[in-house]
Amino acid sequence: MGSCPVCQRCCAVAKAIQCASSGGEGSQGHKMPNGMERFLGPPAVEPSAASSLSLMNRRAEVSQRQRSGLQAPLAAVLGSDTFYEKVNRLHQGAETPVSNPLLAYTLIKRLQSEWMNVVHSQEAGENTEALKKGYKDVEKDLPQFEDLEGAAKALMRLQDVYALNVKGLVNGLFQRDSSPTLTNIYRPTQLFQMSADDCFHIGKVAYDMEDFYHSVAWLEESVSLFRGSYGSWFAEDEGSLEEALDYLAFSYFRTGNVSYALNLSRECLLYDPDNKRIARNVLKYEKLLTGRSSEAEKEVVLQRPNVTHLRTRDAYEGLCQTLGSQPRHLQNAGLWCSLDTNNSPYLMLQPVKKEIVSLKPYVILYHDFITNEEAATIKDIAAPWLQRSVVATGKKQSEVEYRISKSAWLKETVHPVIGQLDLRITSLTGLDIRPPYAEYLQVVNYGIGGHYEPHFDHATSLTSPVYRTNAGNRVATFMIYLSSVEVGGSTAFIYANFSVPVMKNAALFWWNLHRNGEGDGDTLHAGCPVLIGDKWVANKWIHERGQEFRRQCSPSPEE
Ligand SMILES: O=C(O)CCC(=O)C(=O)O
Ligand SMILES: [Fe+2]
């Protein structure tokens, strides 16, 4: 999946090595506001490969303690509820394993970090050289560290955009938190219970980003599950009750909730009485609380971290949450349906079903624009070429968190079906889409939590790579839905206040520019995160040049 750049992984490893080599627990402390540098939280980075051995040993020690001195039978790894059985269970009953984000996340985690833990566990080491060799053989094909991190971030994104209840997610349910009630927005056929360690990992990903809003929510679940299973031991687990308490306590401290931090740290000391760092923190928390009123503590409200498009966030999320249900304004009499040929002989015998979705901006939905076979062919051709999508940032193209998907560009020459599609687009729109008047077909695949936050398709600066072909700005977008999704993924027009659900084989057309060549601000739009399913679209971006006699210009900024 590779939703995170590889360099980010290197950074994490480099940072960890730096921490390890600068020695002593003091070197891993966080810089605190208000001169409180001496409070020490758990390390903020994934342990490096170099330090993973000591981590394994530490884990073995902890698990040893948890087992009250009893040697865990090999069956804990390979026996009654084996790791193999757990992974196998995740595959059962799901037609497409990646359609449920919880299943996808847990599968990636089992294969990315947990299997490694099993392979390197003490028990495995005793008599399973073959198991280790088997792991080595397939290691390169397994999800990477950044895939797992990306999956955790995707779950947090879904939690936010669809206002999902975290406890529900942990129990495999997709429930909207519309306090005081919970509304089921999707009922999976199979419930996936997340483990204490799954929640611990998500909390840690949030913690490493200093996102304490999410770290608190997920670590709370982790602590509660670890407490419930205290004494049981799973070779694949990365974390433990002590670690979850440690991270949770520090997250609370960073949000200003010192008394919670104190309680949790004290509990942590019960399990890990030799931990000097936590003991020191307890003393400091106690000191901080002396003379502070409990009222001041209660006022702490956890805030979601700020994101780039904060200004439009509420409108965007509100539109995504309608899950593409028809907005009220569609009852407008100016919005109607017809069978359209656009006077083209090519469409005379097979007119296209046209629905005007919006007048300002002018957005049209063409139903059944392509066939199932054409959609399947396009996806098949594109699949081997998919790469992480980029966006124009300044003069360059780069990967960004606000667009998470994979895409491939297909020339009309790669398969006759692409040429046929071009002919149909030209016939319907009357626009010239031969190169360089339009870009190649961009096929986009959104995985779990894949999204494209509010953006314009047209360039808003003259240095944009959109102008590279000297064909002017992107005057129009023709976007084809190549798949359906079970939940989520609608295309939301933020300022125009409507969203279009993913409708397999339909195509959406809109003008990005006014007739005077200025960008139309009303076209700000987004691809909502996919909650359940696998979304595919294809974009054809049509440029200004070539359309001089096909779209009349006008000086009016209104048209
Ligand atoms: O996926 C969607 O619904 C919108 C995609 C989009 O806006 C784009 O690719 O530019
Ligand atoms: Fe777009």
# chains A, B, ... in the order shown; residues from 1 in each chain; ligands from 1
call {"tool": "closest_atom_pairs", "arguments": {"of": "chain A", "to": "ligand 2", "cutoff": "7 Å", "atoms": "only C-alpha atoms and all ligand atoms", "output": "JSON lines"}}
result
{"residue": "A:His455", "atom": "CA", "partner": "ligand 2", "partner_atom_place_in_ligand_line": "1 (Fe)", "distance": 6.3}
{"residue": "A:Phe456", "atom": "CA", "partner": "ligand 2", "partner_atom_place_in_ligand_line": "1 (Fe)", "distance": 6.0}
{"residue": "A:Asp457", "atom": "CA", "partner": "ligand 2", "partner_atom_place_in_ligand_line": "1 (Fe)", "distance": 4.7}
{"residue": "A:His525", "atom": "CA", "partner": "ligand 2", "partner_atom_place_in_ligand_line": "1 (Fe)", "distance": 6.3}
{"residue": "A:Ala526", "atom": "CA", "partner": "ligand 2", "partner_atom_place_in_ligand_line": "1 (Fe)", "distance": 6.3}
call {"tool": "residues_near_ligand", "arguments": {"ligand": "ligand 1", "cutoff": "7 Å", "atoms": "only C-alpha atoms and all ligand atoms", "output": "list in words"}}
result
Tyr452, Asp457, Gly489, Ser490, Thr491, His525, Ala526, Gly527, Cys528, Val537 and Asn539 of chain A
call {"tool": "write_last_selection", "arguments": {"atoms": "N, CA, C and O atoms", "output": "short mmCIF file (atom, residue, chain, number, x, y, z; two decimals), in the first residue's frame"}}
result
data_model
loop_
_atom_site.label_atom_id
_atom_site.label_comp_id
_atom_site.auth_asym_id
_atom_site.auth_seq_id
_atom_site.Cartn_x
_atom_site.Cartn_y
_atom_site.Cartn_z
N TYR A 452 -9.46 12.35 -0.81
CA TYR A 452 -8.83 13.53 -1.42
C TYR A 452 -9.57 14.72 -0.81
O TYR A 452 -10.73 14.98 -1.13
N ASP A 457 -9.49 21.30 -9.13
CA ASP A 457 -8.75 20.55 -10.15
C ASP A 457 -7.93 21.51 -11.01
O ASP A 457 -6.89 21.13 -11.55
N GLY A 489 -16.87 7.46 0.49
CA GLY A 489 -16.25 7.73 -0.80
C GLY A 489 -17.00 8.69 -1.71
O GLY A 489 -16.62 8.85 -2.87
N SER A 490 -18.06 9.34 -1.23
CA SER A 490 -18.82 10.27 -2.09
C SER A 490 -17.93 11.41 -2.58
O SER A 490 -16.91 11.72 -1.96
N THR A 491 -18.37 12.03 -3.66
CA THR A 491 -17.67 13.22 -4.14
C THR A 491 -18.45 14.43 -3.61
O THR A 491 -19.63 14.60 -3.93
N HIS A 525 -14.03 20.78 -4.30
CA HIS A 525 -14.64 19.46 -4.12
C HIS A 525 -13.66 18.49 -3.47
O HIS A 525 -12.48 18.79 -3.33
N ALA A 526 -14.18 17.33 -3.09
CA ALA A 526 -13.34 16.37 -2.37
C ALA A 526 -13.84 14.95 -2.61
O ALA A 526 -15.00 14.75 -2.94
N GLY A 527 -12.93 14.01 -2.46
CA GLY A 527 -13.32 12.59 -2.46
C GLY A 527 -13.33 12.15 -1.00
O GLY A 527 -12.29 12.09 -0.36
N CYS A 528 -14.51 11.86 -0.46
CA CYS A 528 -14.62 11.48 0.96
C CYS A 528 -13.88 10.16 1.20
O CYS A 528 -13.78 9.33 0.30
N VAL A 537 -11.81 5.45 -9.60
CA VAL A 537 -12.36 6.45 -10.53
C VAL A 537 -11.34 6.68 -11.64
O VAL A 537 -10.17 6.29 -11.51
N ASN A 539 -10.09 9.94 -14.18
CA ASN A 539 -10.23 11.37 -14.46
C ASN A 539 -9.74 11.69 -15.86
O ASN A 539 -8.67 11.22 -16.26
#
call {"tool": "residues_around", "arguments": {"residues": "Gln175 in chain A", "least_positions_apart": "4", "cutoff": "12 Å", "atoms": "only C-alpha atoms", "output": "compact mmCIF listing (two decimals) with C-alpha atoms, in the first residue's frame"}}
result
# COMPACT_ATOMS: atom_id res chain seq x y z
CA LEU A 158 -12.45 7.39 9.39
CA GLN A 159 -13.10 7.82 13.10
CA ASP A 160 -13.05 11.61 12.64
CA TYR A 162 -17.63 9.72 10.04
CA ALA A 163 -17.72 10.57 13.78
CA LEU A 164 -17.25 6.90 14.66
CA ASN A 165 -17.35 5.69 18.22
CA VAL A 166 -13.96 4.23 19.16
CA LYS A 167 -15.35 1.56 21.49
CA GLY A 168 -17.64 0.46 18.67
CA LEU A 169 -14.71 0.19 16.27
CA VAL A 170 -12.79 -1.89 18.81
CA ASN A 171 -15.77 -4.26 18.85
CA SER A 179 -24.33 12.03 21.47
CA THR A 181 -27.16 8.17 20.77
CA LEU A 182 -25.13 5.81 18.64
CA THR A 183 -26.32 5.13 15.09
CA ASN A 184 -25.19 2.05 13.20
CA ILE A 185 -24.01 3.18 9.80
CA TYR A 186 -22.81 -0.21 8.65
CA ARG A 187 -23.40 -3.72 9.92
CA PRO A 188 -20.53 -6.02 8.99
CA GLN A 321 -21.54 11.91 6.56
CA LEU A 531 -15.29 3.57 4.86
call {"tool": "residues_around", "arguments": {"residues": "range 243-252 of chain A", "least_positions_apart": "5", "cutoff": "10 Å", "atoms": "only C-alpha atoms", "output": "PyMOL selection string"}}
result
chain A and resi 39-44+196-197+199-201+203-204+206-207+210-224+226-227+238+257-269+271-272+278+281+300+302
call {"tool": "select_by_dssp", "arguments": {"residues": "range 408-559 of chain A", "states": "alpha helix (DSSP H)", "output": "ChimeraX atom specification"}}
result
/A:416-429
call {"tool": "atom_distance", "arguments": {"atom1": "CA of Ser229 in chain A", "atom2": "CA of Lys86 in chain A"}}
result
16.6 Å
